[in-house]
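Asks: Take a look at the following structure, please.
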Amino acid sequence: MLNEIVNFLIAAIYQNLFLGILLGVFLETIFPPIPSEIILPLSGYLLSFYNFGSLGLLIGILIATIGTTMGSLLYYFAALKLGRKFAEKYGKYFFIDKKKLRAADNWFKKHGKKAVFFGRMLPGIRELVSLPAGFSKMKLKDYLIYTFSGSLIWCSFLTSLGYFLEENWKNLQIEKFSDLIFFTIILAIITYFIFKKLVKKLQKV
């Protein structure tokens, strides 16, 4: 079943790139077994293959970030309205692993709101960190800012990986790898300062 879903999403991305990216990351977020490590690099590769250029890459990253944020909101509201007991009892039907849920829970308890931001970049945590945020009734505005910012970095890295490396997955080219590192560092710095300013504004509210 998982292979069929992944193949369907890959076909969707090939047929309608930007819509496929949105659908792929949305489903990947609400259906943890689907690996974003396949969806996003493939999207980046196709953006490069069809010569969308830097603007196309940025649009693809933005669409992926929006799709990820939309998907994570479903988990957030489900946790907020239905609570922890429902997730623990019926989570298995949505492929939510209890051990991963416990790990996400502990991560959130230890780091608070920052857990959402950094958790969006940690495989095994990123898929489920929305649940403890909902359990704890984290403010929606805070949740959206932390989720979007963390997802932006994650989507930027994996999409850029596919974009800059193209078909050279095994034969890594130093020049392209350097470009990738430079792009990721610049984006991370920009995101950090934007995120810092938003947090300061939230603290004043």
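Here's how to read the names in the structure tokens: chain A, B, ... by the order shown, residue numbers from 1 in each chain, ligand numbers from 1 in the order shown.
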So that I can see what lies close to segment 158-165 of chain A, please list as a PDB file with N, CA and C atoms, in the first residue's frame the residues with an atom at most 6 Å from it, counting only C-alpha atoms and leaving out residues fewer than 6 positions away in the same chain.
Replies:
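Contents of the output file around37.pdb:
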```pdb
ATOM      1  N   LEU A  40      10.595  15.588  -1.704  1.00  0.00           N
ATOM      2  CA  LEU A  40      11.207  16.909  -1.885  1.00  0.00           C
ATOM      3  C   LEU A  40      12.427  16.909  -2.815  1.00  0.00           C
ATOM      4  N   PRO A  41      13.383  15.979  -2.653  1.00  0.00           N
ATOM      5  CA  PRO A  41      14.510  15.970  -3.602  1.00  0.00           C
ATOM      6  C   PRO A  41      14.059  15.713  -5.046  1.00  0.00           C
ATOM      7  N   LEU A  42      13.064  14.841  -5.219  1.00  0.00           N
ATOM      8  CA  LEU A  42      12.531  14.597  -6.569  1.00  0.00           C
ATOM      9  C   LEU A  42      11.961  15.896  -7.140  1.00  0.00           C
ATOM     10  N   GLY A  44      12.823  18.933  -6.371  1.00  0.00           N
ATOM     11  CA  GLY A  44      13.943  19.809  -6.699  1.00  0.00           C
ATOM     12  C   GLY A  44      14.622  19.404  -7.994  1.00  0.00           C
ATOM     13  N   TYR A  45      14.795  18.111  -8.177  1.00  0.00           N
ATOM     14  CA  TYR A  45      15.419  17.608  -9.405  1.00  0.00           C
ATOM     15  C   TYR A  45      14.602  18.000 -10.635  1.00  0.00           C
ATOM     16  N   SER A  48      14.869  21.598 -11.610  1.00  0.00           N
ATOM     17  CA  SER A  48      16.117  21.834 -12.334  1.00  0.00           C
ATOM     18  C   SER A  48      16.038  21.267 -13.743  1.00  0.00           C
ATOM     19  N   LYS A 176      28.711  21.876  -7.076  1.00  0.00           N
ATOM     20  CA  LYS A 176      27.268  21.904  -6.810  1.00  0.00           C
ATOM     21  C   LYS A 176      27.005  21.752  -5.315  1.00  0.00           C
TER      22      LYS A 176
END
```
Asks: What's around Ile59 of chain A at 12 Å? Count only C-alpha atoms, leave out sequence neighbours fewer than 3 positions away in its own chain, and write the answer as a ChimeraX atom specification.
Replies: /A:17-19,21-22,43-44,47,52-56,62-66,152,155-156,159-160
Asks: Need the shell around Asn106 of chain A: protein/DNA/RNA residues with any atom at most 10 Å away, counting only C-alpha atoms. Skip same-chain ones fewer than 4 positions apart. Format as a CSV table (one decimal) with C-alpha atoms, in the first residue's frame?
Replies:
```
chain,number,residue,atom,x,y,z
A,100,LYS,CA,7.5,8.1,18.2
A,101,LEU,CA,4.5,9.9,19.8
A,102,ARG,CA,6.2,9.5,23.2
A,110,LYS,CA,11.7,19.6,27.3
A,111,HIS,CA,11.9,22.4,24.8
A,112,GLY,CA,8.5,24.0,24.8
A,115,ALA,CA,10.3,22.1,20.0
A,129,VAL,CA,5.4,17.2,17.0
A,132,PRO,CA,1.9,17.6,21.8
```
Asks: Smallest atom-to-atom distance to Ile96 of chain A: which of A:Ile34, A:Leu128, A:Leu46, A:Leu144, using only C-alpha atoms?
Replies: A:Leu128
Asks: Select, from A:Pro123, A:Gly24, A:Gly60, A:Gly134, the residue with the minimum atom-to-atom distance to Ala87 of chain A, counting only C-alpha atoms.
Replies: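 For Ala87 of chain A, the nearest of the candidates is A:Gly134.
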Asks: Provide the atom CA of Asp142 of chain A to atom CA of Phe77 of chain A distance in Å, to one decimal place.
Replies: 13.8 Å
Asks: Record the distance separating atom CA of Lys141 of chain A and atom CA of Ala79 of chain A, expressed in Å with one decimal.
Replies: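 Interatomic distance, atom CA of Lys141 of chain A to atom CA of Ala79 of chain A: 16.1 Å.
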Asks: Just checking: using only C-alpha atoms, which residue out of A:Thr29, A:Asn3, A:Ser136, A:Gln15 ends up closest to Thr69 of chain A?
Replies: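 Under the stated criterion, the closest residue is A:Thr29.
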Asks: Record the distance separating atom CA of Ala78 of chain A and atom CA of Ala12 of chain A, expressed in Å with one decimal.
Replies: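 We find that atom CA of Ala78 of chain A and atom CA of Ala12 of chain A lie 27.3 Å from each other.
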Asks: Can you work out which one of A:Pro33, A:Lys113, A:Trp107, A:Ile39 has the shortest atom-to-atom distance to Phe8 of chain A, counting only C-alpha atoms?
Replies: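 Checking each candidate against Phe8 of chain A, we get A:Ile39 as the closest.
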Asks: Which is closer to Leu80 of chain A than all the others in A:Tyr143, A:Ile61, A:Phe26, A:Ile13, using only C-alpha atoms?
Replies: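 Checking each of A:Tyr143, A:Ile61, A:Phe26, A:Ile13 against Leu80 of chain A, counting only C-alpha atoms, the winner is A:Tyr143.
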Asks: Taking only C-alpha atoms into account, which of A:Pro35, A:Gly150, A:Glu28, A:Tyr50 comes nearest Glu166 of chain A?
Replies: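 With only C-alpha atoms as the atom set, the closest residue is A:Tyr50.
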Asks: Taking the DSSP assignment computed from this structure's backbone, write out as a ChimeraX atom specification all residues of segment 78-184 of chain A that belong to helix (DSSP H, G or I).
Replies: /A:78-94,98-111,114-119,130-135,140-165,174-184
